[in-house]
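File shown here: final_14.txt, holding compact mmCIF, C-alpha atoms.
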# COMPACT_ATOMS: atom_id res chain seq x y z
CA MET R 1 0.00 0.00 0.00
CA SER R 2 1.32 3.38 -0.88
CA THR R 3 1.46 6.20 1.58
CA LEU R 4 0.01 9.38 0.31
CA PRO R 5 1.21 12.87 1.03
CA ALA R 6 -2.21 14.08 -0.11
CA ASP R 7 -3.59 13.28 3.32
CA ARG R 8 -2.11 16.53 4.47
CA ALA R 9 -3.52 18.72 1.71
CA PRO R 10 -4.63 21.98 3.29
CA ALA R 11 -7.93 23.63 2.51
CA THR R 12 -7.42 26.73 0.44
CA GLY R 13 -9.93 29.03 2.08
CA PRO R 14 -13.24 30.44 1.03
CA ASP R 15 -12.00 32.72 -1.75
CA LEU R 16 -11.48 30.10 -4.40
CA PRO R 17 -10.48 31.58 -7.69
CA HIS R 18 -12.43 29.07 -9.78
CA PRO R 19 -16.05 27.98 -9.94
CA THR R 20 -16.96 25.40 -7.34
CA VAL R 21 -19.62 22.79 -6.80
CA THR R 22 -20.90 21.41 -3.51
CA CYS R 23 -19.59 17.99 -2.60
CA ALA R 24 -21.57 16.24 0.16
CA PHE R 25 -20.00 13.66 2.48
CA ALA R 26 -22.60 12.50 4.94
CA VAL R 27 -25.91 13.24 6.61
CA THR R 28 -26.35 13.30 10.36
CA ASP R 29 -28.88 14.49 12.93
CA THR R 30 -26.19 15.46 15.43
CA PRO R 31 -23.94 18.13 13.94
CA PRO R 32 -20.21 17.73 14.61
CA ARG R 33 -18.41 20.49 16.47
CA ASN R 34 -17.13 23.33 14.31
CA GLU R 35 -13.58 22.87 15.55
CA ALA R 36 -13.58 19.28 14.34
CA VAL R 37 -15.06 20.27 10.99
CA SER R 38 -12.70 23.13 10.22
CA VAL R 39 -9.53 21.10 10.74
CA THR R 40 -10.57 18.18 8.54
CA PRO R 41 -8.91 18.24 5.14
CA GLY R 42 -11.43 17.28 2.48
CA HIS R 43 -10.78 16.77 -1.18
CA ASP R 44 -7.63 18.26 -2.68
CA GLY R 45 -7.99 21.80 -3.88
CA GLY R 46 -11.34 22.35 -2.19
CA GLY R 47 -12.47 24.76 0.51
CA PRO R 48 -12.90 24.00 4.21
CA LEU R 49 -15.55 21.56 5.28
CA ARG R 50 -18.88 23.09 6.34
CA VAL R 51 -22.09 21.98 8.00
CA LEU R 52 -25.40 22.79 6.33
CA ALA R 53 -28.75 22.54 8.06
CA ALA R 54 -31.26 20.58 6.00
CA GLY R 55 -34.58 20.55 7.81
CA PRO R 56 -34.09 18.36 10.87
CA LEU R 57 -30.82 17.02 9.49
CA TYR R 58 -27.32 18.25 8.86
CA LEU R 59 -25.13 17.78 5.88
CA LEU R 60 -21.34 17.90 5.83
CA VAL R 61 -20.15 19.51 2.62
CA GLN R 62 -17.15 21.05 0.90
CA ASP R 63 -16.78 23.40 -2.01
CA VAL R 64 -14.70 21.60 -4.59
CA PRO R 65 -13.34 22.96 -7.86
CA ALA R 66 -15.80 22.27 -10.64
CA ALA R 67 -12.94 21.64 -13.05
CA ALA R 68 -11.63 18.70 -11.03
CA PHE R 69 -15.07 17.20 -10.44
CA GLY R 70 -16.51 17.54 -13.90
CA GLU R 71 -17.50 14.53 -15.90
CA GLU R 72 -14.29 13.96 -17.80
CA ALA R 73 -11.93 15.10 -15.07
CA LEU R 74 -13.47 12.78 -12.50
CA ALA R 75 -13.53 9.82 -14.83
CA GLU R 76 -9.88 10.36 -15.63
CA ARG R 77 -8.88 10.82 -12.00
CA LEU R 78 -10.78 7.89 -10.59
CA ASN R 79 -9.39 5.58 -13.23
CA ARG R 80 -5.98 6.09 -11.63
CA PRO R 81 -5.61 3.86 -8.59
CA ASP R 82 -3.66 6.47 -6.61
CA GLU R 83 -6.29 9.14 -7.26
CA LEU R 84 -9.07 6.72 -6.47
CA GLU R 85 -7.43 5.99 -3.16
CA ARG R 86 -6.83 9.68 -2.41
CA CYS R 87 -10.45 10.45 -3.21
CA ALA R 88 -11.77 7.55 -1.14
CA ARG R 89 -9.63 8.56 1.81
CA ALA R 90 -10.75 12.20 1.56
CA HIS R 91 -14.35 11.03 1.46
CA HIS R 92 -13.80 8.80 4.46
CA ARG R 93 -12.25 11.67 6.43
CA GLY R 94 -15.35 13.75 5.79
CA VAL R 95 -17.63 10.91 6.81
CA GLU R 96 -15.59 10.32 9.98
CA THR R 97 -15.80 13.95 10.96
CA ALA R 98 -19.54 13.97 10.37
CA ALA R 99 -19.73 10.91 12.64
CA SER R 100 -17.87 12.53 15.51
CA ALA R 101 -21.06 13.55 17.34
CA GLY R 102 -23.55 10.88 16.37
CA PRO R 103 -24.71 8.44 13.69
CA VAL R 104 -24.19 9.21 10.02
CA VAL R 105 -25.45 8.07 6.68
CA PRO R 106 -22.39 8.24 4.45
CA LEU R 107 -23.25 9.42 0.95
CA PRO R 108 -21.70 7.84 -2.12
CA MET R 109 -18.26 9.15 -2.91
CA ALA R 110 -18.33 12.39 -4.92
CA THR R 111 -21.96 13.22 -4.34
CA LEU R 112 -22.11 16.55 -6.15
CA TYR R 113 -24.59 19.39 -6.35
CA LEU R 114 -24.43 22.64 -8.23
CA ASP R 115 -24.81 24.60 -5.00
CA ASP R 116 -25.72 24.34 -1.31
CA HIS R 117 -29.35 25.05 -1.97
CA ASN R 118 -29.74 22.00 -4.20
CA ALA R 119 -27.87 19.79 -1.75
CA VAL R 120 -30.13 20.85 1.11
CA ARG R 121 -33.22 20.34 -1.00
CA ALA R 122 -32.14 16.80 -1.97
CA VAL R 123 -31.54 15.81 1.66
CA THR R 124 -34.73 17.43 2.90
CA ALA R 125 -36.71 15.49 0.31
CA ARG R 126 -35.33 12.20 1.67
CA ALA R 127 -35.43 13.27 5.32
CA ALA R 128 -37.89 10.62 6.46
CA SER R 129 -35.92 7.60 5.24
CA LEU R 130 -32.62 9.16 6.30
CA ARG R 131 -33.94 9.63 9.82
CA THR R 132 -35.08 6.00 9.94
CA LEU R 133 -31.60 4.94 8.93
CA LEU R 134 -29.93 7.22 11.48
CA ASP R 135 -32.09 5.80 14.24
CA ARG R 136 -31.17 2.31 13.19
CA LEU R 137 -27.45 3.11 13.26
CA ARG R 138 -27.42 5.08 16.50
CA ASN R 139 -25.02 3.63 19.08
CA ARG R 140 -24.10 0.83 16.74
CA THR R 141 -20.90 0.19 14.86
CA GLU R 142 -19.76 -2.02 12.09
CA TRP R 143 -17.16 -4.74 12.54
CA ALA R 144 -15.44 -6.58 9.75
CA VAL R 145 -14.56 -10.23 10.15
CA LYS R 146 -12.60 -12.24 7.65
CA VAL R 147 -11.82 -15.91 7.50
CA HIS R 148 -8.86 -17.03 5.45
CA GLY R 149 -8.63 -20.62 4.35
CA PRO R 150 -5.77 -23.05 4.26
CA GLY R 151 -3.14 -22.38 1.64
CA THR R 152 -2.54 -24.97 -1.07
CA GLY R 153 -0.25 -27.88 -0.32
CA HIS R 154 -1.20 -28.05 3.33
CA ALA R 155 -2.86 -31.42 3.04
CA SER R 156 -0.93 -34.42 4.20
CA GLY R 157 0.25 -37.24 1.95
CA ALA R 158 3.18 -36.18 -0.22
CA ALA R 159 3.24 -37.64 -3.72
CA GLY R 160 6.90 -38.49 -3.34
CA ASP R 161 6.63 -41.27 -0.76
CA GLY R 162 6.05 -44.98 -1.35
CA PRO R 163 6.66 -47.26 -4.34
CA ALA R 164 7.81 -45.53 -7.50
CA ASP R 165 5.60 -47.31 -10.03
CA GLY R 166 3.10 -45.28 -12.04
CA ARG R 167 -0.02 -46.79 -10.56
CA SER R 168 1.04 -45.98 -6.99
CA TYR R 169 2.01 -42.49 -8.02
CA LEU R 170 -1.38 -41.81 -9.53
CA ARG R 171 -3.08 -43.19 -6.48
CA ARG R 172 -1.07 -40.92 -4.23
CA VAL R 173 -1.84 -37.92 -6.39
CA SER R 174 -5.57 -38.57 -6.31
CA GLU R 175 -5.34 -39.27 -2.61
CA ARG R 176 -3.69 -35.90 -2.09
CA ARG R 177 -6.29 -34.14 -4.19
CA ARG R 178 -9.02 -35.73 -2.18
CA SER R 179 -7.53 -34.68 1.14
CA GLU R 180 -6.99 -31.17 -0.16
CA ARG R 181 -10.61 -31.01 -1.19
CA GLU R 182 -11.70 -32.28 2.19
CA GLU R 183 -9.55 -29.76 3.95
CA ARG R 184 -11.09 -26.99 1.86
CA GLU R 185 -14.57 -28.20 2.70
CA ARG R 186 -13.72 -28.31 6.38
CA ALA R 187 -12.37 -24.78 6.21
CA LEU R 188 -15.52 -23.56 4.46
CA ALA R 189 -17.72 -25.22 7.03
CA ARG R 190 -15.62 -23.51 9.67
CA ALA R 191 -16.14 -20.13 7.98
CA HIS R 192 -19.89 -20.75 7.89
CA ALA R 193 -19.86 -21.63 11.57
CA VAL R 194 -17.98 -18.44 12.42
CA ASP R 195 -20.55 -16.38 10.55
CA ARG R 196 -23.46 -18.20 12.16
CA GLU R 197 -22.06 -17.71 15.62
CA LEU R 198 -21.30 -14.01 15.16
CA ARG R 199 -24.77 -13.24 13.81
CA ARG R 200 -26.04 -14.06 17.28
CA TYR R 201 -24.35 -10.94 18.62
CA ALA R 202 -25.26 -8.61 15.77
CA VAL R 203 -28.41 -6.71 14.85
CA ALA R 204 -27.56 -7.14 11.18
CA ALA R 205 -24.95 -8.90 9.12
CA THR R 206 -23.90 -8.83 5.53
CA ARG R 207 -21.33 -10.58 3.42
CA HIS R 208 -19.07 -8.82 1.02
CA ARG R 209 -17.47 -10.70 -1.81
CA PRO R 210 -14.29 -12.46 -0.79
CA GLN R 211 -11.36 -10.24 -1.65
CA SER R 212 -8.77 -11.43 -4.11
CA GLU R 213 -5.29 -12.39 -3.05
CA GLN R 214 -4.19 -9.34 -4.99
CA LEU R 215 -6.30 -7.14 -2.74
CA THR R 216 -5.42 -8.81 0.53
CA GLY R 217 -1.78 -9.27 -0.33
CA ARG R 218 -1.95 -12.77 1.09
CA SER R 219 -1.51 -16.11 -0.59
CA VAL R 220 -4.39 -17.89 1.13
CA PRO R 221 -7.96 -17.70 -0.17
CA GLN R 222 -10.49 -15.63 1.69
CA LEU R 223 -13.46 -17.74 2.73
CA LEU R 224 -15.56 -15.17 4.50
CA ASN R 225 -15.68 -11.40 4.23
CA ALA R 226 -18.46 -10.37 6.54
CA ALA R 227 -19.62 -7.20 8.24
CA TYR R 228 -21.68 -7.07 11.41
CA LEU R 229 -23.68 -4.23 12.86
CA VAL R 230 -23.25 -4.49 16.61
CA ASP R 231 -24.84 -2.57 19.46
CA ASP R 232 -22.10 -0.67 21.26
CA ARG R 233 -23.18 -2.16 24.57
CA ARG R 234 -22.56 -5.65 23.14
CA ARG R 235 -19.21 -4.69 21.72
CA ALA R 236 -17.06 -6.38 24.35
CA GLU R 237 -19.13 -9.53 24.04
CA PHE R 238 -18.79 -9.54 20.27
CA VAL R 239 -15.06 -8.95 20.32
CA ARG R 240 -14.62 -11.70 22.87
CA ALA R 241 -16.63 -14.09 20.72
CA VAL R 242 -14.44 -13.33 17.73
CA GLY R 243 -11.37 -13.95 19.86
CA GLU R 244 -12.66 -17.35 20.92
CA LEU R 245 -13.58 -18.27 17.37
CA ALA R 246 -10.14 -17.19 16.23
CA ARG R 247 -8.49 -19.50 18.72
CA ASP R 248 -10.75 -22.44 17.81
CA ALA R 249 -10.35 -21.84 14.10
CA HIS R 250 -6.61 -21.97 14.42
CA ARG R 251 -6.81 -25.68 14.98
CA SER R 252 -8.67 -26.20 11.72
CA ALA R 253 -6.10 -24.32 9.66
CA VAL R 254 -8.21 -21.22 9.10
CA GLU R 255 -7.55 -17.76 10.40
CA VAL R 256 -10.17 -15.38 11.75
CA THR R 257 -9.38 -11.68 11.83
CA LEU R 258 -11.33 -8.69 13.03
CA SER R 259 -11.17 -5.03 12.09
CA GLY R 260 -13.19 -2.17 13.41
CA PRO R 261 -15.01 -0.36 14.76
CA TRP R 262 -16.06 1.02 11.41
CA ILE R 263 -18.55 3.67 10.53
CA PRO R 264 -21.45 1.45 9.45
CA TYR R 265 -21.02 1.96 5.71
CA SER R 266 -22.30 -1.52 4.96
CA PHE R 267 -25.55 -0.88 6.78
CA ALA R 268 -26.24 2.74 5.87
CA ARG R 269 -28.14 1.86 2.75
CA SER R 270 -31.53 2.99 1.66
CA ASP R 271 -32.53 -0.57 0.76
CA GLU R 272 -31.70 -1.38 4.36
CA ALA R 273 -34.16 1.28 5.50
CA GLU R 274 -36.83 -0.21 3.26
CA ARG R 275 -36.17 -3.69 4.59
CA VAL R 276 -36.50 -2.48 8.17
CA ALA R 277 -39.73 -0.68 7.32
CA GLN R 278 -41.10 -3.84 5.75
CA GLN R 279 -40.12 -5.95 8.75
CA GLU R 280 -41.78 -3.50 11.08
CA ALA R 281 -44.88 -3.45 8.96
CA GLY R 282 -44.94 -7.24 8.85
CA ALA R 283 -44.33 -7.76 12.57
CA MET X 1 -0.89 -15.59 13.52
CA THR X 2 -3.92 -13.38 14.02
CA ASP X 3 -4.67 -9.71 14.28
CA LEU X 4 -5.51 -10.17 17.93
CA GLY X 5 -2.61 -8.03 18.98
CA THR X 6 -3.92 -4.99 17.16
CA TRP X 7 -7.44 -5.11 18.44
CA PRO X 8 -8.72 -2.23 20.48
CA ALA X 9 -7.91 -3.12 24.06
CA GLY X 10 -11.12 -1.75 25.50
CA PRO X 11 -14.36 -0.16 24.42
CA GLN X 12 -13.94 2.98 22.37
CA THR X 13 -16.46 5.73 22.21
CA GLU X 14 -15.76 7.03 18.72
CA PRO X 15 -15.81 4.99 15.55
CA ALA X 16 -12.18 4.95 14.55
CA GLY X 17 -10.75 4.92 11.07
CA PRO X 18 -9.65 1.74 9.42
CA PRO X 19 -6.30 0.26 10.39
CA SER X 20 -3.63 1.47 7.99
CA GLY X 21 -3.33 -1.83 6.15
CA SER X 22 -6.94 -2.13 5.13
CA LEU X 23 -7.23 0.01 2.04
CA ALA X 24 -9.15 -2.83 0.41
CA ASP X 25 -11.66 -2.72 3.25
CA LEU X 26 -12.02 1.02 2.99
CA LEU X 27 -12.48 0.96 -0.77
CA GLU X 28 -14.89 -1.89 -0.46
CA ARG X 29 -17.05 0.11 1.91
CA VAL X 30 -16.77 3.45 0.22
CA LEU X 31 -17.31 2.05 -3.26
CA ASP X 32 -20.03 -0.35 -2.24
CA LYS X 33 -22.25 2.68 -1.91
CA GLY X 34 -21.65 3.48 -5.54
CA ILE X 35 -19.77 6.46 -6.80
CA VAL X 36 -21.11 9.86 -7.71
CA ILE X 37 -24.71 10.70 -7.26
CA ALA X 38 -25.46 12.92 -10.18
CA GLY X 39 -27.04 15.38 -7.77
CA ASP X 40 -27.89 17.98 -10.30
CA ILE X 41 -24.77 17.81 -12.35
CA LYS X 42 -25.10 15.60 -15.33
CA ILE X 43 -22.83 12.61 -14.73
CA ASP X 44 -24.93 9.73 -15.97
CA LEU X 45 -22.28 8.30 -18.27
CA LEU X 46 -19.67 8.74 -15.65
CA ASP X 47 -21.73 6.85 -13.15
CA ILE X 48 -21.62 3.77 -15.32
CA GLU X 49 -17.97 4.11 -16.08
CA LEU X 50 -17.08 4.49 -12.43
CA LEU X 51 -18.96 1.43 -11.46
CA THR X 52 -16.78 -0.53 -13.84
CA ILE X 53 -13.77 0.55 -11.82
CA ARG X 54 -15.33 -0.85 -8.72
CA LEU X 55 -16.10 -4.06 -10.51
CA ARG X 56 -12.61 -4.29 -11.90
CA LEU X 57 -11.23 -4.10 -8.39
CA PHE X 58 -13.42 -6.86 -7.11
CA ILE X 59 -13.95 -9.11 -10.08
CA ALA X 60 -10.59 -10.72 -9.46
CA SER X 61 -11.79 -11.70 -6.02
CA VAL X 62 -14.71 -13.55 -7.53
CA GLU X 63 -12.41 -15.55 -9.76
CA THR X 64 -10.11 -16.43 -6.90
CA ALA X 65 -12.98 -17.55 -4.76
CA LYS X 66 -14.38 -19.72 -7.51
CA LYS X 67 -11.04 -21.35 -8.10
CA ALA X 68 -11.02 -22.30 -4.46
CA GLY X 69 -14.46 -23.80 -4.93
CA ILE X 70 -16.16 -21.09 -2.95
CA ASP X 71 -19.43 -20.00 -4.36
CA TRP X 72 -21.87 -20.24 -1.51
CA TRP X 73 -22.01 -16.48 -1.32
CA GLU X 74 -23.37 -16.42 -4.83
CA THR X 75 -26.54 -18.16 -3.85
CA ASP X 76 -26.74 -16.98 -0.29
CA PRO X 77 -30.05 -15.19 0.26
CA ALA X 78 -28.41 -13.22 3.06
CA LEU X 79 -26.47 -11.36 0.42
CA SER X 80 -28.13 -8.27 -0.88
CA SER X 81 -29.40 -8.86 -4.38
CA ARG X 82 -26.94 -7.89 -7.03
CA ALA X 83 -27.86 -7.93 -10.67
CA ALA X 84 -24.45 -9.25 -11.65
CA ARG X 85 -24.79 -12.24 -9.39
CA ASP X 86 -27.38 -14.12 -11.38
CA ALA X 87 -25.63 -13.37 -14.61
CA LEU X 88 -22.39 -14.72 -13.20
CA SER X 89 -23.81 -17.96 -11.88
CA GLU X 90 -25.69 -18.48 -15.10
CA GLU X 91 -22.51 -18.04 -17.05
CA ASN X 92 -20.74 -20.32 -14.64
CA ALA X 93 -23.32 -23.05 -15.14
CA ARG X 94 -23.10 -22.64 -18.89
CA LEU X 95 -19.32 -22.90 -18.83
CA ARG X 96 -19.45 -25.97 -16.62
CA ALA X 97 -21.86 -27.68 -18.98
CA ARG X 98 -19.58 -26.92 -21.89
CA LEU X 99 -16.58 -28.20 -20.01
CA GLU X 100 -18.36 -31.43 -19.19
CA ALA X 101 -19.35 -31.90 -22.82
CA LEU X 102 -15.76 -31.33 -23.88
CA GLU X 103 -14.44 -33.75 -21.30
CA ASP X 104 -16.93 -36.41 -22.39
CA ALA X 105 -15.86 -35.98 -25.99
CA ASP X 106 -12.27 -36.25 -24.88
CA THR X 107 -12.85 -39.51 -22.99
CA SER X 108 -14.69 -41.18 -25.85
CA GLU X 109 -11.86 -40.22 -28.17
CA VAL X 110 -9.30 -41.79 -25.85
CA ALA X 111 -11.46 -44.90 -25.55
CA ARG X 112 -11.48 -45.39 -29.29

File written out as structure tokens:
Amino acid sequence: MSTLPADRAPATGPDLPHPTVTCAFAVTDTPPRNEAVSVTPGHDGGGPLRVLAAGPLYLLVQDVPAAAFGEEALAERLNRPDELERCARAHHRGVETAASAGPVVPLPMATLYLDDHNAVRAVTARAASLRTLLDRLRNRTEWAVKVHGPGTGHASGAAGDGPADGRSYLRRVSERRRSEREERERALARAHAVDRELRRYAVAATRHRPQSEQLTGRSVPQLLNAAYLVDDRRRAEFVRAVGELARDAHRSAVEVTLSGPWIPYSFARSDEAERVAQQEAGA
Amino acid sequence: MTDLGTWPAGPQTEPAGPPSGSLADLLERVLDKGIVIAGDIKIDLLDIELLTIRLRLFIASVETAKKAGIDWWETDPALSSRAARDALSEENARLRARLEALEDADTSEVAR
């Protein structure tokens, strides 16, 4: 992973020489403190972060240069991995700051409006579902749990032992394949069990696609890439459960890792709000 | 070897940022929400193009998982519905059928 000097990009002040558009980071019902907002560096080349009132809600925004966030410019920038990362990190900083006083609904990266007025209007129009989501996320955080499976060649039964005739060799090879397959199945079952167990502590859970070895930088396959929404008062319990599962899993050649607490990106979705509404209506 | 050592030692009050090594996790979360709402700036085309970036980043993970025989997440109802999912498993089934047909042809040729 590269380290980026862009993390320290200073805001350039309110008197920007070029036309700007309003970039929105997140919606909250508990506005962050001004001191926290003003020191957060947003996107490169933009103004300082600001809080806008939108009906009962608040919106964290930044003026960003229109030239850098136009159709072509953005497409070009976000096609470069380093720029994509810089942009994602800037977005995350904004979301984090918005979350410093209470729950947030993070908006998609580079949510752009022509001006503040339009941004406020858009949020106000969705206020009801946003408030439902905020209530659902209040005092809850997201935790990411991954299970990595056994690497290849772990299974016992080397093809090199025993008689050297062809028939025996083939038998040993198929034997080894079989035990590798069995080991993989055991590891998968283990990953399932981890997920099942952790759902008991969570108010919601979701699975992301397993990340590639390229993404994880590890040579073992990822069997589970899950996110859990956990009540903060059950946090210790959840973390302890993961710890126990990690120790157990060790014996079956899989590895369980935890990261968090995260801002609940994976659960701040409008389809989530709809699902909750349906459940409540059905109950 | 686990990440146990880096876990938060006690309860924290503020949601913290991701650990430094988890750019993939951050991107996954940030990009999972899609990129660019065309608020009132016309970015329709861009929207599509940007989603392909996201897919490009994660498509490799799908392949890796499949190679390892992992595809339960494809059919797992707990997963939020994704349009691409059905298309992928359909294609997968089609490819498997073709492969089987080819293998059968191969065997009968050897038998002759």

Atom CA of Thr124 of chain R to atom CA of Leu57 of chain R, straight-line distance in Å: 7.7 Å

Proximity of chain R to chain X: per-residue shortest pair, 7 Å limit, all atoms listed in the file, as JSON lines:
{"residue": "R:Glu71", "atom": "CA", "partner": "X:Ile43", "partner_atom": "CA", "distance": 5.8}
{"residue": "R:Ala75", "atom": "CA", "partner": "X:Leu46", "partner_atom": "CA", "distance": 6.3}
{"residue": "R:Asn79", "atom": "CA", "partner": "X:Ile53", "partner_atom": "CA", "distance": 6.8}
{"residue": "R:Ala88", "atom": "CA", "partner": "X:Val30", "partner_atom": "CA", "distance": 6.6}
{"residue": "R:Ser100", "atom": "CA", "partner": "X:Glu14", "partner_atom": "CA", "distance": 6.7}
{"residue": "R:Pro108", "atom": "CA", "partner": "X:Lys33", "partner_atom": "CA", "distance": 5.2}
{"residue": "R:Met109", "atom": "CA", "partner": "X:Ile35", "partner_atom": "CA", "distance": 5.0}
{"residue": "R:Ala110", "atom": "CA", "partner": "X:Val36", "partner_atom": "CA", "distance": 4.7}
{"residue": "R:Thr111", "atom": "CA", "partner": "X:Ile37", "partner_atom": "CA", "distance": 4.7}
{"residue": "R:Leu112", "atom": "CA", "partner": "X:Gly39", "partner_atom": "CA", "distance": 5.3}
{"residue": "R:Tyr113", "atom": "CA", "partner": "X:Gly39", "partner_atom": "CA", "distance": 4.9}
{"residue": "R:Leu114", "atom": "CA", "partner": "X:Asp40", "partner_atom": "CA", "distance": 6.2}
{"residue": "R:Thr206", "atom": "CA", "partner": "X:Leu79", "partner_atom": "CA", "distance": 6.3}
{"residue": "R:Arg207", "atom": "CA", "partner": "X:Leu79", "partner_atom": "CA", "distance": 6.0}
{"residue": "R:Arg209", "atom": "CA", "partner": "X:Val62", "partner_atom": "CA", "distance": 7.0}
{"residue": "R:Pro210", "atom": "CA", "partner": "X:Ser61", "partner_atom": "CA", "distance": 5.8}
{"residue": "R:Gln211", "atom": "CA", "partner": "X:Ser61", "partner_atom": "CA", "distance": 4.6}
{"residue": "R:Ser212", "atom": "CA", "partner": "X:Ser61", "partner_atom": "CA", "distance": 3.6}
{"residue": "R:Leu215", "atom": "CA", "partner": "X:Ala24", "partner_atom": "CA", "distance": 6.1}
{"residue": "R:Pro221", "atom": "CA", "partner": "X:Ala65", "partner_atom": "CA", "distance": 6.8}
{"residue": "R:Ala236", "atom": "CA", "partner": "X:Pro11", "partner_atom": "CA", "distance": 6.8}
{"residue": "R:Glu255", "atom": "CA", "partner": "X:Thr2", "partner_atom": "CA", "distance": 6.7}
{"residue": "R:Val256", "atom": "CA", "partner": "X:Thr2", "partner_atom": "CA", "distance": 6.9}
{"residue": "R:Thr257", "atom": "CA", "partner": "X:Asp3", "partner_atom": "CA", "distance": 5.7}
{"residue": "R:Leu258", "atom": "CA", "partner": "X:Asp3", "partner_atom": "CA", "distance": 6.9}
{"residue": "R:Gly260", "atom": "CA", "partner": "X:Pro18", "partner_atom": "CA", "distance": 6.6}
{"residue": "R:Pro261", "atom": "CA", "partner": "X:Pro15", "partner_atom": "CA", "distance": 5.5}
{"residue": "R:Trp262", "atom": "CA", "partner": "X:Pro15", "partner_atom": "CA", "distance": 5.7}
{"residue": "R:Ile263", "atom": "CA", "partner": "X:Pro15", "partner_atom": "CA", "distance": 5.9}
{"residue": "R:Tyr265", "atom": "CA", "partner": "X:Arg29", "partner_atom": "CA", "distance": 5.8}
{"residue": "R:Ser266", "atom": "CA", "partner": "X:Arg29", "partner_atom": "CA", "distance": 6.3}

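Close contacts of Arg126 of chain R, defined as residues with an atom at most 12 Å away when counting all atoms listed in the file, with chain neighbours fewer than 2 positions off set aside, comprise Val27, Ala54, Gly55, Pro56, Leu57, Val105, Ala119, Val120, Arg121, Ala122, Val123, Thr124, Ala128, Ser129, Leu130, Arg131, Thr132, Leu133, Ser270 and Ala273 of chain R.
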
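Distance-wise, atom CA of Val147 of chain R and atom CA of Val194 of chain R end up 8.3 Å apart.
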
Using Å and a single decimal, report how far atom CA of Thr20 of chain R sits from atom CA of Asp116 of chain R.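 Atom-to-atom, atom CA of Asp116 of chain R to atom CA of Thr20 of chain R, that is 10.7 Å.
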
Mind checking which residues fall within 9 Å of Arg233 of chain R, counting only C-alpha atoms, ignoring those fewer than 4 positions away in the same chain, and posting them as number ranges by chain? R: 139-140, 237

Using all atoms listed in the file, pick whichever of R:Ala68, R:Ala127, R:Ala164, R:Ala205 has the shortest atom-to-atom distance to Asp29 of chain R.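 With all atoms listed in the file as the atom set, the closest residue is R:Ala127.
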